[in-house]
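Participant: Let me give you the structure first, and then I'll get to my questions.
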Amino acid sequence: MRDVLDDLLRWWHAGEAVGLATVTATWKSAPRQPGAAMLVGPDGTVSGSVSGGCVEGAVYELCREVAESGEARPVRFGISDDDAFEVGLTCGGIIELLVEKVDRHTFPELPELAAAVAADRPVALVTGVAGPIAKHLLITPDERTGTFGPDRLDDAATDDGRGLLAAGRTGLLHYGPDGQRRGAGTTLLVSAFAPPARMLVFGATDHAAAVAGIGSFLGYRVTVCDARPVFATKRRFPTADEVVVDWPHRYLAGEAEAGHIDERTVVCVLTHDPKFDVPVLEVALRLPLGYVGAMGSRRTHDDRLKRLREAGVEPPELARLSSPIGLDLGARTPEETAVSVAAEIVAMRWSGSGHRLTATDGPIHADT
């Protein structure tokens, strides 16, 4: 929903009703993940997407109908539909949606949600998919707003929703009608709005500028850090969220101690200088990061491993290092290299092989 939140809030403040479709579950090769949303405004304008184009025409009409009737509807689209090639997922996936009316009456918690997201404060929206359909509960690490009715259900949804929020994950919860964890009949979608994952780029080089740009494109909050103030300037890295002048290892250790990184954080060491990259890698490889990559030739890599071993880094820690950084795309320019680095980060995040899809068989997505 993050992509449509601004438009949703604009219509809410205008006192208008919109139709909102949210992906609640997917199977096989469905192109969008749970939490993806599409809205249709009162003037017929569309914002967002739930399928990358496969079923948007049918969902558009459903959104308009529900915005007028006020009756929320769960719907499913899949290749097995009789009219699959007209409104179904021709890619072979299955997608379930909740289509609901959103206005000041049905979603009074919306401004609070939008304010938290805008301020990068962790917040989760819990929406009834089955049972208390289209009702909402807003939860943060310390508070909750709204209710599904039974206190036991609210309490269970709050506890379990906070667990998903802490992990930055969106997912479904299943309960009995009164919140029994072993029951059935109530399904809730937890849409977690955790602050954006961080990308820390060490080394103020041309390659760093390209990696920072593609990191921003992928949705990371990008920090470029270098100990040399003449190179670490905002002018040289306009796409970075922040540019820090500090020794890389000292900055990374400080951010870790302050709790500003987590298992989603990716680190790209692009310094080409052992006095910078060895100390920062020594810190990074001992932290629970999502990705640690370092640039350099094979010869540089071998020398780096030797220095890290001498510094006491253990083999399991060294095994986490992606070096030389990136996938083998034959990249030459900084921009092409940045694509290679981003491809490796995405592949590791989703357990992709990095092979050409035309040379592989089976499901496109590894978790299906």
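Ordering of the structure tokens sets the chain letters (A, B, ...), residue numbers begin anew at 1 in every chain, and ligands are numbered from 1 in the order given.
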Name the residues of range 2-119 of chain A that come out as strand (DSSP E) in a backbone DSSP run; write them as a ChimeraX atom specification.
Facilitator: /A:18-27,37-40,46-48,73-78,94-102
Participant: Applying 10 Å and only C-alpha atoms, which residues near range 282-285 of chain A remain after dropping the ones on its own chain fewer than 4 positions away? List them as JSON, numbers by chain.
Facilitator: {"A": [248, 249, 250, 252, 253, 256, 266, 267, 268, 269, 277, 278, 289, 291, 292, 293, 307, 308, 309, 311, 312, 313, 314, 316, 317, 318, 319, 320, 321]}
Participant: Per residue of range 103-150 of chain A within 12 Å of range 31-43 of chain A, note the shortest atom pair and the distance in Å to one decimal, counting only C-alpha atoms, and order the rows by chain and increasing residue number, as CSV.
Facilitator:
```
residue,atom,partner,partner_atom,distance
A:Asp103,CA,A:Gly41,CA,10.9
A:Ala124,CA,A:Gly35,CA,11.0
A:Leu125,CA,A:Gly35,CA,9.8
A:Val126,CA,A:Gly35,CA,10.6
A:Thr127,CA,A:Gly35,CA,10.3
```
Participant: Could you list, as a ChimeraX atom specification, every residue within 10 Å of range 141-152 of chain A, counting only C-alpha atoms and ignoring same-chain residues fewer than 6 positions away?
Facilitator: /A:107-109,112-113,121-128,131-135,158-159,161-163,165-166,177-180
Participant: Write out as number ranges by chain all residues of range 12-204 of chain A that backbone DSSP assigns to helix (DSSP H, G or I).
Facilitator: A: 12-13, 56-69, 84-87, 110-118, 151-167
Participant: Using only C-alpha atoms, can you tell me which of A:Met199, A:Leu281, A:Thr223, A:Arg299 comes closest to Ala342 in chain A?
Facilitator: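 Selected residue with least distance to Ala342 in chain A: A:Met199.
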Participant: Measure the distance from CA of Pro196 in chain A to CA of Gly219 in chain A in Å and round it to one decimal.
Facilitator: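 CA of Gly219 in chain A lies 6.8 Å from CA of Pro196 in chain A.
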